[in-house]
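target.cif follows; it contains mmCIF, C-alpha atoms.
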```cif
data_start
loop_
_atom_site.label_atom_id
_atom_site.label_comp_id
_atom_site.auth_asym_id
_atom_site.auth_seq_id
_atom_site.Cartn_x
_atom_site.Cartn_y
_atom_site.Cartn_z
CA MET N 1 -7.33 13.67 4.35
CA CYS N 2 -4.93 10.92 3.22
CA GLY N 3 -4.96 9.52 6.74
CA LEU N 4 -8.75 9.47 7.06
CA ASN N 5 -9.40 7.87 3.67
CA HIS N 6 -6.74 5.25 4.12
CA SER N 7 -7.99 4.47 7.65
CA GLY N 8 -11.25 3.28 6.15
CA PHE N 9 -9.56 1.46 3.28
CA GLY N 10 -6.81 -0.13 5.40
CA GLY N 11 -9.20 -1.16 8.15
CA SER N 12 -11.38 -2.88 5.56
CA ARG N 13 -8.76 -5.60 5.08
CA VAL N 14 -8.99 -6.55 8.76
CA ALA N 15 -12.78 -6.28 8.86
CA ILE N 16 -13.29 -8.32 5.69
CA SER N 17 -10.71 -10.95 6.65
CA LEU N 18 -12.16 -11.54 10.11
CA TYR N 19 -15.77 -11.37 8.92
CA ALA N 20 -15.00 -13.92 6.18
CA LEU N 21 -13.24 -16.20 8.68
CA GLN N 22 -16.23 -15.88 11.02
CA LEU N 23 -18.41 -17.03 8.10
CA GLY N 24 -16.20 -20.12 7.80
CA VAL N 25 -14.21 -19.53 4.60
CA ASN N 26 -10.82 -21.19 4.05
CA GLN N 27 -7.49 -19.46 3.33
CA PHE N 28 -7.80 -19.94 -0.43
CA THR N 29 -11.18 -18.17 -0.54
CA LEU N 30 -9.79 -15.39 1.64
CA GLY N 31 -6.88 -15.09 -0.78
CA ILE N 32 -9.37 -14.64 -3.64
CA LEU N 33 -11.12 -11.86 -1.71
CA MET N 34 -7.87 -10.03 -1.04
CA ALA N 35 -6.75 -10.48 -4.64
CA LEU N 36 -9.90 -8.70 -5.87
CA TYR N 37 -8.56 -5.51 -4.28
CA ALA N 38 -5.88 -5.61 -6.98
CA LEU N 39 -7.85 -6.45 -10.12
CA ALA N 40 -9.09 -2.99 -11.18
CA PRO N 41 -5.89 -1.09 -10.24
CA MET N 42 -3.89 -3.62 -12.23
CA LEU N 43 -5.96 -2.86 -15.32
CA PHE N 44 -6.72 0.85 -15.01
CA ALA N 45 -4.13 2.63 -12.84
CA VAL N 46 -2.23 4.12 -15.80
CA ALA N 47 -5.49 5.42 -17.26
CA ILE N 48 -6.40 6.87 -13.87
CA GLY N 49 -3.05 8.70 -13.76
CA ARG N 50 -3.64 10.21 -17.19
CA PHE N 51 -7.20 11.15 -16.18
CA ALA N 52 -5.90 12.94 -13.08
CA ASP N 53 -3.35 14.83 -15.18
CA ARG N 54 -6.08 15.95 -17.55
CA VAL N 55 -8.83 17.05 -15.12
CA GLY N 56 -6.84 17.95 -11.99
CA PRO N 57 -6.88 16.34 -8.55
CA ARG N 58 -10.33 17.17 -7.15
CA LEU N 59 -12.61 14.92 -9.24
CA PRO N 60 -10.54 11.70 -9.05
CA MET N 61 -9.92 12.20 -5.34
CA LEU N 62 -13.65 12.70 -4.76
CA ILE N 63 -14.48 9.56 -6.77
CA GLY N 64 -12.00 7.58 -4.68
CA THR N 65 -13.31 8.89 -1.36
CA VAL N 66 -17.02 8.42 -2.04
CA GLY N 67 -16.41 5.03 -3.63
CA VAL N 68 -14.63 3.70 -0.54
CA GLY N 69 -17.40 4.96 1.76
CA VAL N 70 -20.17 3.36 -0.30
CA ALA N 71 -18.31 0.06 -0.63
CA LEU N 72 -17.85 -0.19 3.14
CA LEU N 73 -21.59 0.12 3.72
CA LEU N 74 -22.56 -2.70 1.36
CA PRO N 75 -21.99 -5.59 3.85
CA LEU N 76 -24.71 -4.14 6.08
CA ILE N 77 -27.19 -4.06 3.19
CA PHE N 78 -26.19 -7.45 1.77
CA PRO N 79 -24.61 -9.53 4.57
CA GLY N 80 -22.82 -12.73 3.64
CA ILE N 81 -19.80 -13.93 1.72
CA ALA N 82 -21.21 -13.11 -1.74
CA ALA N 83 -21.34 -9.38 -0.96
CA LEU N 84 -17.69 -9.40 0.13
CA TYR N 85 -16.59 -10.22 -3.41
CA VAL N 86 -18.37 -7.09 -4.64
CA VAL N 87 -17.04 -5.01 -1.73
CA THR N 88 -13.39 -5.91 -2.30
CA LEU N 89 -13.71 -5.36 -6.04
CA LEU N 90 -15.35 -1.95 -5.51
CA LEU N 91 -12.78 -0.90 -2.93
CA GLY N 92 -9.98 -1.86 -5.30
CA SER N 93 -11.69 -0.02 -8.15
CA THR N 94 -12.28 3.32 -6.40
CA PHE N 95 -9.42 3.89 -3.95
CA PRO N 96 -6.78 4.16 -6.75
CA PHE N 97 -8.50 7.34 -7.97
CA PHE N 98 -7.44 8.92 -4.68
CA PHE N 99 -4.11 7.12 -4.24
CA VAL N 100 -2.67 7.59 -7.74
CA THR N 101 -3.69 11.26 -7.85
CA VAL N 102 -2.05 12.05 -4.51
CA HIS N 103 1.23 10.41 -5.45
CA GLY N 104 1.22 11.89 -8.92
CA MET N 105 1.11 15.45 -7.62
CA THR N 106 3.41 15.05 -4.60
CA GLY N 107 6.66 15.18 -6.61
CA ASP N 108 5.62 18.47 -8.22
CA ILE N 109 5.23 20.32 -4.92
CA GLY N 110 8.12 22.58 -3.89
CA ASP N 111 11.74 22.34 -5.02
CA PRO N 112 13.62 19.17 -6.09
CA GLU N 113 15.40 18.98 -2.74
CA ASP N 114 12.00 18.83 -1.03
CA ARG N 115 10.88 15.74 -2.97
CA ALA N 116 11.97 13.01 -0.57
CA ARG N 117 10.55 15.01 2.35
CA ASN N 118 7.22 15.46 0.53
CA TYR N 119 6.87 11.76 -0.18
CA ALA N 120 7.81 10.99 3.42
CA LEU N 121 5.16 13.40 4.71
CA VAL N 122 2.45 11.93 2.48
CA SER N 123 3.51 8.48 3.61
CA LEU N 124 3.20 9.62 7.23
CA GLY N 125 -0.49 10.18 6.65
CA PHE N 126 -0.86 6.68 5.24
CA SER N 127 1.18 5.27 8.15
CA ALA N 128 -1.08 6.96 10.69
CA ALA N 129 -4.02 5.45 8.83
CA GLY N 130 -2.40 2.03 8.90
CA PHE N 131 -2.37 2.34 12.70
CA ILE N 132 -5.85 3.79 13.14
CA GLY N 133 -7.76 1.68 10.60
CA PRO N 134 -6.81 -1.84 11.74
CA PHE N 135 -6.93 -0.85 15.42
CA ALA N 136 -10.39 0.67 15.02
CA ALA N 137 -11.59 -2.35 13.03
CA GLY N 138 -10.35 -4.80 15.68
CA LEU N 139 -11.89 -2.86 18.58
CA ALA N 140 -15.18 -2.41 16.73
CA ILE N 141 -15.43 -6.12 15.91
CA ASP N 142 -14.79 -7.13 19.52
CA HIS N 143 -17.19 -4.60 21.06
CA ILE N 144 -20.03 -4.04 18.56
CA GLY N 145 -19.69 -6.88 16.04
CA HIS N 146 -18.43 -7.56 12.53
CA LEU N 147 -21.09 -5.74 10.52
CA PRO N 148 -21.26 -2.56 12.65
CA ALA N 149 -17.47 -2.31 12.28
CA PHE N 150 -18.02 -1.48 8.60
CA ILE N 151 -20.05 1.60 9.63
CA VAL N 152 -17.14 2.79 11.77
CA LEU N 153 -14.74 2.41 8.85
CA ALA N 154 -17.10 4.13 6.40
CA GLY N 155 -17.28 7.06 8.82
CA PHE N 156 -13.63 7.88 8.13
CA THR N 157 -14.50 8.95 4.58
CA VAL N 158 -17.15 11.52 5.51
CA VAL N 159 -14.86 14.46 6.33
CA PRO N 160 -12.60 14.02 3.25
CA ALA N 161 -15.67 13.78 1.01
CA LEU N 162 -17.13 16.98 2.45
CA LEU N 163 -13.79 18.82 2.12
CA LEU N 164 -13.39 17.80 -1.51
CA TRP N 165 -16.99 18.66 -2.34
CA LEU N 166 -17.31 21.96 -0.44
CA LYS N 167 -13.75 23.28 -0.02
CA PRO N 168 -11.63 22.13 -2.98
CA GLY N 169 -9.37 25.20 -2.77
CA PHE N 170 -7.20 23.56 -0.10
CA LEU N 171 -5.70 21.22 -2.72
CA PRO N 172 -2.14 22.18 -3.78
CA LYS N 173 -1.70 23.61 -7.25
CA ARG N 174 0.26 21.50 -9.69
CA ALA N 175 1.31 21.51 -13.28
CA HIS N 176 -0.83 19.39 -15.61
CA HIS N 177 1.29 16.97 -17.60
CA VAL N 178 -0.44 15.25 -20.49
CA ALA N 179 1.23 12.32 -22.22
CA LYS N 180 2.34 12.95 -25.79
CA GLU N 181 0.21 11.56 -28.58
CA GLY N 182 1.06 7.91 -29.11
CA ALA N 183 3.04 7.63 -25.86
CA SER N 184 2.73 4.24 -24.21
CA ALA N 185 3.32 3.01 -20.67
CA LEU N 186 5.51 0.33 -22.24
CA ASP N 187 8.01 3.10 -23.04
CA LEU N 188 8.44 3.57 -19.31
CA TRP N 189 8.79 -0.18 -18.72
CA ARG N 190 11.62 -0.34 -21.27
CA ILE N 191 13.81 2.00 -19.19
CA PRO N 192 15.98 -0.57 -17.31
CA ARG N 193 16.52 1.31 -14.04
CA LEU N 194 12.93 2.47 -13.90
CA ARG N 195 11.76 -1.10 -14.55
CA ASN N 196 13.91 -2.37 -11.68
CA VAL N 197 12.31 0.12 -9.32
CA PHE N 198 8.83 -0.86 -10.53
CA LEU N 199 9.63 -4.51 -9.79
CA ALA N 200 11.18 -3.72 -6.41
CA SER N 201 8.17 -1.59 -5.48
CA GLY N 202 5.93 -4.50 -6.45
CA VAL N 203 7.82 -6.86 -4.14
CA LEU N 204 7.60 -4.37 -1.26
CA SER N 205 3.91 -3.85 -1.87
CA ALA N 206 3.28 -7.61 -2.08
CA ALA N 207 5.07 -8.12 1.24
CA TRP N 208 2.97 -5.38 2.83
CA ASP N 209 -0.18 -6.90 1.38
CA LEU N 210 0.74 -10.40 2.50
CA PHE N 211 1.34 -9.21 6.04
CA GLN N 212 -2.04 -7.41 6.15
CA PHE N 213 -3.73 -10.51 4.68
CA TYR N 214 -1.92 -13.31 6.51
CA LEU N 215 -1.40 -11.86 10.00
CA PRO N 216 -5.17 -12.05 10.75
CA VAL N 217 -5.19 -15.64 9.43
CA TYR N 218 -2.17 -16.60 11.56
CA GLY N 219 -3.50 -14.75 14.61
CA HIS N 220 -6.90 -16.41 14.27
CA GLN N 221 -5.22 -19.82 13.97
CA ILE N 222 -3.18 -19.39 17.16
CA GLY N 223 -6.15 -18.03 19.13
CA LEU N 224 -5.49 -14.28 19.30
CA SER N 225 -8.48 -11.97 19.73
CA ALA N 226 -9.54 -9.47 17.06
CA SER N 227 -8.27 -6.64 19.29
CA ALA N 228 -4.86 -8.33 19.64
CA ILE N 229 -4.64 -8.85 15.87
CA GLY N 230 -5.63 -5.23 15.24
CA SER N 231 -3.07 -4.07 17.80
CA ILE N 232 -0.25 -6.03 16.13
CA LEU N 233 -1.17 -4.47 12.80
CA ALA N 234 -1.29 -1.08 14.50
CA VAL N 235 2.24 -1.60 15.88
CA PHE N 236 3.37 -2.27 12.31
CA ALA N 237 1.81 1.03 11.25
CA LEU N 238 3.42 2.81 14.21
CA ALA N 239 6.82 1.59 12.99
CA THR N 240 6.15 2.84 9.46
CA PHE N 241 5.18 6.22 10.94
CA THR N 242 8.34 6.32 13.07
CA ILE N 243 10.74 5.53 10.23
CA ARG N 244 9.05 8.02 7.93
CA LEU N 245 9.60 10.76 10.50
CA ALA N 246 13.31 10.03 10.17
CA LEU N 247 13.32 9.70 6.36
CA PRO N 248 13.91 13.38 5.47
CA ARG N 249 17.10 13.37 7.55
CA MET N 250 18.16 9.98 6.19
CA ALA N 251 17.59 11.19 2.63
CA ARG N 252 20.05 14.03 3.21
CA ARG N 253 22.77 11.61 4.33
CA PHE N 254 22.21 8.57 2.09
CA ARG N 255 21.20 7.95 -1.51
CA GLU N 256 17.60 6.85 -2.08
CA GLU N 257 18.72 3.56 -3.64
CA ASP N 258 20.90 2.74 -0.60
CA ILE N 259 18.02 3.37 1.78
CA ILE N 260 15.61 1.16 -0.15
CA THR N 261 18.18 -1.66 -0.42
CA GLY N 262 18.64 -1.70 3.35
CA ALA N 263 14.87 -1.62 3.80
CA PHE N 264 14.47 -4.84 1.82
CA PHE N 265 16.90 -6.80 3.96
CA VAL N 266 15.47 -5.50 7.25
CA ALA N 267 11.98 -6.56 6.12
CA ALA N 268 13.25 -9.98 5.00
CA PHE N 269 14.82 -10.53 8.44
CA ALA N 270 11.56 -9.59 10.19
CA PHE N 271 9.42 -11.91 8.07
CA ALA N 272 11.76 -14.81 8.89
CA LEU N 273 11.01 -14.35 12.61
CA PHE N 274 7.19 -14.53 12.54
CA PRO N 275 6.60 -18.31 12.33
CA PHE N 276 8.74 -18.91 15.43
CA PHE N 277 6.46 -16.94 17.78
CA GLU N 278 2.86 -17.23 18.99
CA ASN N 279 3.01 -14.73 21.85
CA GLY N 280 1.22 -11.48 20.98
CA TYR N 281 3.98 -9.24 22.36
CA ALA N 282 6.69 -11.09 20.44
CA LEU N 283 4.63 -10.85 17.25
CA ALA N 284 4.17 -7.13 17.88
CA ALA N 285 7.96 -6.74 18.14
CA CYS N 286 8.44 -8.61 14.83
CA SER N 287 5.73 -6.43 13.35
CA PHE N 288 7.56 -3.29 14.44
CA VAL N 289 10.81 -4.38 12.77
CA LEU N 290 8.90 -5.28 9.61
CA GLY N 291 7.24 -1.86 9.65
CA LEU N 292 10.65 -0.16 9.79
CA GLY N 293 11.72 -1.94 6.62
CA LEU N 294 8.54 -1.73 4.56
CA GLY N 295 7.69 1.76 5.80
CA CYS N 296 11.06 3.04 4.67
CA GLY N 297 11.03 1.32 1.29
CA GLN N 298 7.75 2.56 -0.19
CA PRO N 299 8.33 6.36 -0.08
CA MET N 300 11.85 5.91 -1.40
CA SER N 301 10.57 3.82 -4.30
CA MET N 302 8.06 6.56 -5.14
CA SER N 303 10.79 9.19 -5.02
CA LEU N 304 13.07 7.08 -7.23
CA ILE N 305 10.30 6.59 -9.77
CA TYR N 306 9.74 10.34 -9.94
CA VAL N 307 13.46 10.95 -10.48
CA LEU N 308 13.87 8.27 -13.15
CA SER N 309 10.70 9.11 -15.08
CA PRO N 310 10.92 11.07 -18.36
CA PRO N 311 9.94 14.75 -17.88
CA GLY N 312 6.19 15.23 -17.85
CA ARG N 313 5.33 11.57 -17.22
CA ALA N 314 5.67 11.24 -13.44
CA ALA N 315 1.93 10.72 -12.86
CA GLU N 316 1.81 8.08 -15.60
CA SER N 317 4.79 6.35 -13.97
CA SER N 318 2.96 6.49 -10.66
CA GLY N 319 0.05 4.73 -12.36
CA LEU N 320 2.34 2.08 -13.84
CA ARG N 321 3.85 1.53 -10.40
CA VAL N 322 0.33 0.88 -9.10
CA VAL N 323 -0.28 -1.56 -11.96
CA VAL N 324 2.88 -3.54 -11.12
CA ASN N 325 2.05 -3.45 -7.41
CA ASN N 326 -1.44 -4.77 -8.05
CA VAL N 327 -0.25 -7.55 -10.33
CA MET N 328 1.64 -8.67 -7.25
CA HIS N 329 -1.45 -8.04 -5.07
CA LEU N 330 -3.47 -10.28 -7.38
CA ILE N 331 -0.95 -13.13 -7.52
CA VAL N 332 0.46 -13.17 -3.99
CA PRO N 333 -2.72 -13.63 -1.85
CA ILE N 334 -3.95 -16.48 -4.06
CA ALA N 335 -0.53 -18.14 -4.24
CA PHE N 336 0.26 -17.80 -0.56
CA GLY N 337 -3.32 -18.59 0.49
CA SER N 338 -3.02 -21.85 -1.46
CA LEU N 339 0.42 -22.47 0.05
CA GLY N 340 -0.90 -21.87 3.57
CA THR N 341 -3.91 -24.13 3.00
CA ALA N 342 -1.71 -26.96 1.73
CA PHE N 343 1.38 -26.70 3.95
CA GLY N 344 0.64 -24.38 6.89
CA TYR N 345 1.94 -20.97 7.84
CA MET N 346 5.71 -21.64 8.03
CA PRO N 347 6.33 -21.82 4.24
CA VAL N 348 4.27 -18.64 3.74
CA PHE N 349 6.50 -16.51 5.97
CA LEU N 350 9.75 -18.06 4.79
CA SER N 351 8.85 -17.79 1.10
CA ASN N 352 8.17 -14.11 1.57
CA THR N 353 11.55 -13.76 3.26
CA VAL N 354 13.19 -15.13 0.13
CA MET N 355 11.10 -12.83 -2.08
CA LEU N 356 12.17 -9.74 -0.11
CA ALA N 357 15.83 -10.73 -0.10
CA GLY N 358 15.63 -11.17 -3.87
CA GLY N 359 14.08 -7.72 -4.22
CA GLY N 360 16.90 -6.19 -2.20
CA GLU N 361 19.46 -7.83 -4.44
CA LEU N 362 17.61 -6.58 -7.53
CA ILE N 363 17.84 -2.99 -6.33
CA ARG N 364 21.46 -3.38 -5.20
CA ARG N 365 22.56 -4.66 -8.60
CA GLY N 366 20.16 -2.69 -10.79
CA LEU N 367 20.87 0.77 -9.36
CA LYS N 368 24.45 0.47 -8.20
CA GLY N 369 27.13 2.85 -9.39
CA PRO N 370 27.76 6.56 -8.88
CA ALA N 371 25.63 7.51 -11.88
CA ALA N 372 22.64 5.45 -10.89
CA VAL N 373 20.34 8.11 -9.54
CA SER N 374 22.84 10.82 -8.76
CA ALA N 375 21.26 13.36 -11.08
CA ARG N 376 18.22 15.06 -9.58
CA ARG N 377 15.59 16.29 -12.00
CA ALA N 378 14.79 19.95 -11.50
#
```
How does the structure come out when it is put into structure tokens?
Amino acid sequence: MCGLNHSGFGGSRVAISLYALQLGVNQFTLGILMALYALAPMLFAVAIGRFADRVGPRLPMLIGTVGVGVALLLPLIFPGIAALYVVTLLLGSTFPFFFVTVHGMTGDIGDPEDRARNYALVSLGFSAAGFIGPFAAGLAIDHIGHLPAFIVLAGFTVVPALLLWLKPGFLPKRAHHVAKEGASALDLWRIPRLRNVFLASGVLSAAWDLFQFYLPVYGHQIGLSASAIGSILAVFALATFTIRLALPRMARRFREEDIITGAFFVAAFAFALFPFFENGYALAACSFVLGLGLGCGQPMSMSLIYVLSPPGRAAESSGLRVVVNNVMHLIVPIAFGSLGTAFGYMPVFLSNTVMLAGGGELIRRGLKGPAAVSARRA
């Protein structure tokens, strides 16, 4: 279910980017469109987490699934650039109901020693979607056109919506944690180690977002086809899937904070390579290395946030993580779209390299020491 929903959502970034470019928009306008994905999650993700704790997983997951499907059909009803602003805003508003709920309940499933494995398994579903969605979007655009591609992507949400509506019993049971009266998300932000992980997760998420946003722009500029661009994005997703298969074993041998630190520097190295290549196969290889780094970092950041959160507030912390991530989603596409419009693609890739290296150093310094995250919450 995670894989199907995220296939539609993840493929939408490719479909919207290439449709907007086909309509003649510049990089700055495209950056605005991508930033609108982040506006609602930035404002409401903590509230969504508390809502999911209060009512259980089914309703918020159903809202997220149906909302994504409806949003993906809007370009066919209202073609043109104006509708894309509404589509991206609606996608960003509804998908967090699904995403936050899934991550909020994952840490509660099984025993504490199963936590890293559980987050890795959930992330595998999202990785598979990251392969299927962009690849399907690229193929659909090349063979049936930009607007029909949105029907293909909307189709991914049909089965999850039916399962949630007709067969809700398959959802795992979880404890319902409700925040204490007067509790504030700022209390979580004031915990230094937890704040460092929030910031590091935001940098990782921004790098992921920038790659999904800027690779189609770069590929279009150097003359790659939509299928080639979708394939490069699919290779990235394949790498995230591959590394997440290995994560449970890695988590038994290394501390979570050590894994995420290494992930930052691998991703920084990969981003530094992109502007030096225009061959599709070389870009796919860079994309694979980047996927190893970013694909490893995100589940470990989620696991660290669960560990460092006060008891009973893991879902709220998951929501705050989404808020921080989406602040970065809002800022980065606009900033880097403006940078690319003014100075070309080279500064975009190299600036992101510096951002990732800084995030790695933040984690290395902020969580170092034997007592950093050595205690595992039961």
* Asked: Closest to Leu233 of chain N among N:Ser205, N:Asn196, N:Ser287, N:Ser309, using only C-alpha atoms?
  -> N:Ser287
* To do: Just the residues within 9 Å of segment 10-18 of chain N, please, counting all atoms listed in the file, with nothing from its chain fewer than 3 positions along; format it as a ChimeraX atom specification.
  => /N:5-7,21-23,30,33-34,72,84,87-88,91,129-138,141,146-147,149-150,153,212-213,216-217,220,226,229-230
* Pick out the closest residue to Phe211 of chain N from this set: N:Val158, N:Ala246, N:Ile232, N:Val55. Count only C-alpha atoms. =>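 Of all the options, N:Ile232 lies closest to Phe211 of chain N.
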Residues of segment 280-337 of chain N within 12 Å of segment 41-45 of chain N: nearest atom pair and distance (Å, one decimal) for each, counting all atoms listed in the file, sorted by chain and number, as a tab-separated table?
```
residue	atom	partner	partner_atom	distance
N:Ala315	CA	N:Ala45	CA	10.1
N:Glu316	CA	N:Ala45	CA	8.5
N:Ser317	CA	N:Ala45	CA	9.7
N:Ser318	CA	N:Ala45	CA	8.4
N:Gly319	CA	N:Ala45	CA	4.7
N:Leu320	CA	N:Ala45	CA	6.6
N:Arg321	CA	N:Ala45	CA	8.4
N:Val322	CA	N:Ala45	CA	6.1
N:Val323	CA	N:Met42	CA	4.2
N:Val324	CA	N:Met42	CA	6.9
N:Asn325	CA	N:Met42	CA	7.7
N:Asn326	CA	N:Met42	CA	5.0
N:Val327	CA	N:Met42	CA	5.7
N:Met328	CA	N:Met42	CA	9.0
N:His329	CA	N:Met42	CA	8.8
N:Leu330	CA	N:Met42	CA	8.2
N:Ile331	CA	N:Met42	CA	11.0
```
* Asked: What is the distance, in Å and to one decimal place, between atom CA of Arg253 of chain N and atom CA of Cys2 of chain N?
  ->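 A separation of 27.7 Å between them.
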* Asked: If we count all atoms listed in the file, what is near Asn352 of chain N at a cut-off of 10 Å, once residues fewer than 3 positions away on the same chain are taken out, given as number ranges by chain?
  -> N: 203, 206-207, 210-211, 267-268, 271-272, 332, 336, 347-349, 355-358
* Asked: Which residues match the PyMOL selection byres ((chain N and resi 250-252) around 12) in the file above, as JSON, numbers by chain?
  -> {"N": [113, 114, 115, 116, 117, 118, 119, 120, 243, 244, 245, 246, 247, 248, 249, 253, 254, 255, 256, 257, 258, 259, 260, 296, 297, 299, 300, 303, 304]}
Would you save the residues from that selection as a PDB file, in the coordinates of the input, using C-alpha atoms?
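Saved file selection_16.pdb follows:
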```
ATOM      1  CA  GLU N 113      15.400  18.980  -2.740  1.00  0.00           C
ATOM      2  CA  ASP N 114      12.000  18.830  -1.030  1.00  0.00           C
ATOM      3  CA  ARG N 115      10.880  15.740  -2.970  1.00  0.00           C
ATOM      4  CA  ALA N 116      11.970  13.010  -0.570  1.00  0.00           C
ATOM      5  CA  ARG N 117      10.550  15.010   2.350  1.00  0.00           C
ATOM      6  CA  ASN N 118       7.220  15.460   0.530  1.00  0.00           C
ATOM      7  CA  TYR N 119       6.870  11.760  -0.180  1.00  0.00           C
ATOM      8  CA  ALA N 120       7.810  10.990   3.420  1.00  0.00           C
ATOM      9  CA  ILE N 243      10.740   5.530  10.230  1.00  0.00           C
ATOM     10  CA  ARG N 244       9.050   8.020   7.930  1.00  0.00           C
ATOM     11  CA  LEU N 245       9.600  10.760  10.500  1.00  0.00           C
ATOM     12  CA  ALA N 246      13.310  10.030  10.170  1.00  0.00           C
ATOM     13  CA  LEU N 247      13.320   9.700   6.360  1.00  0.00           C
ATOM     14  CA  PRO N 248      13.910  13.380   5.470  1.00  0.00           C
ATOM     15  CA  ARG N 249      17.100  13.370   7.550  1.00  0.00           C
ATOM     16  CA  ARG N 253      22.770  11.610   4.330  1.00  0.00           C
ATOM     17  CA  PHE N 254      22.210   8.570   2.090  1.00  0.00           C
ATOM     18  CA  ARG N 255      21.200   7.950  -1.510  1.00  0.00           C
ATOM     19  CA  GLU N 256      17.600   6.850  -2.080  1.00  0.00           C
ATOM     20  CA  GLU N 257      18.720   3.560  -3.640  1.00  0.00           C
ATOM     21  CA  ASP N 258      20.900   2.740  -0.600  1.00  0.00           C
ATOM     22  CA  ILE N 259      18.020   3.370   1.780  1.00  0.00           C
ATOM     23  CA  ILE N 260      15.610   1.160  -0.150  1.00  0.00           C
ATOM     24  CA  CYS N 296      11.060   3.040   4.670  1.00  0.00           C
ATOM     25  CA  GLY N 297      11.030   1.320   1.290  1.00  0.00           C
ATOM     26  CA  PRO N 299       8.330   6.360  -0.080  1.00  0.00           C
ATOM     27  CA  MET N 300      11.850   5.910  -1.400  1.00  0.00           C
ATOM     28  CA  SER N 303      10.790   9.190  -5.020  1.00  0.00           C
ATOM     29  CA  LEU N 304      13.070   7.080  -7.230  1.00  0.00           C
TER      30      LEU N 304
END
```
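Evaluating the PyMOL selection byres ((chain N and resi 52) around 9) against the shown model yields N:Ala47, N:Ile48, N:Gly49, N:Arg50, N:Phe51, N:Asp53, N:Arg54, N:Val55, N:Gly56, N:Pro57, N:Arg58, N:Leu59, N:Pro60, N:Met61, N:Phe97, N:Val100, N:Thr101, N:Gly104, N:His176, N:Ala315.
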* Could you jot down the atom CA of Leu194 of chain N to atom CA of Asp209 of chain N separation for me, Å, one decimal place? =>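 Computed distance, atom CA of Leu194 of chain N to atom CA of Asp209 of chain N, equals 22.2 Å.
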* When distances are computed from all atoms listed in the file, which of N:Ala239, N:Leu350, N:Ala154, N:Leu199 shows the smallest separation from Ser301 of chain N? -> N:Leu199
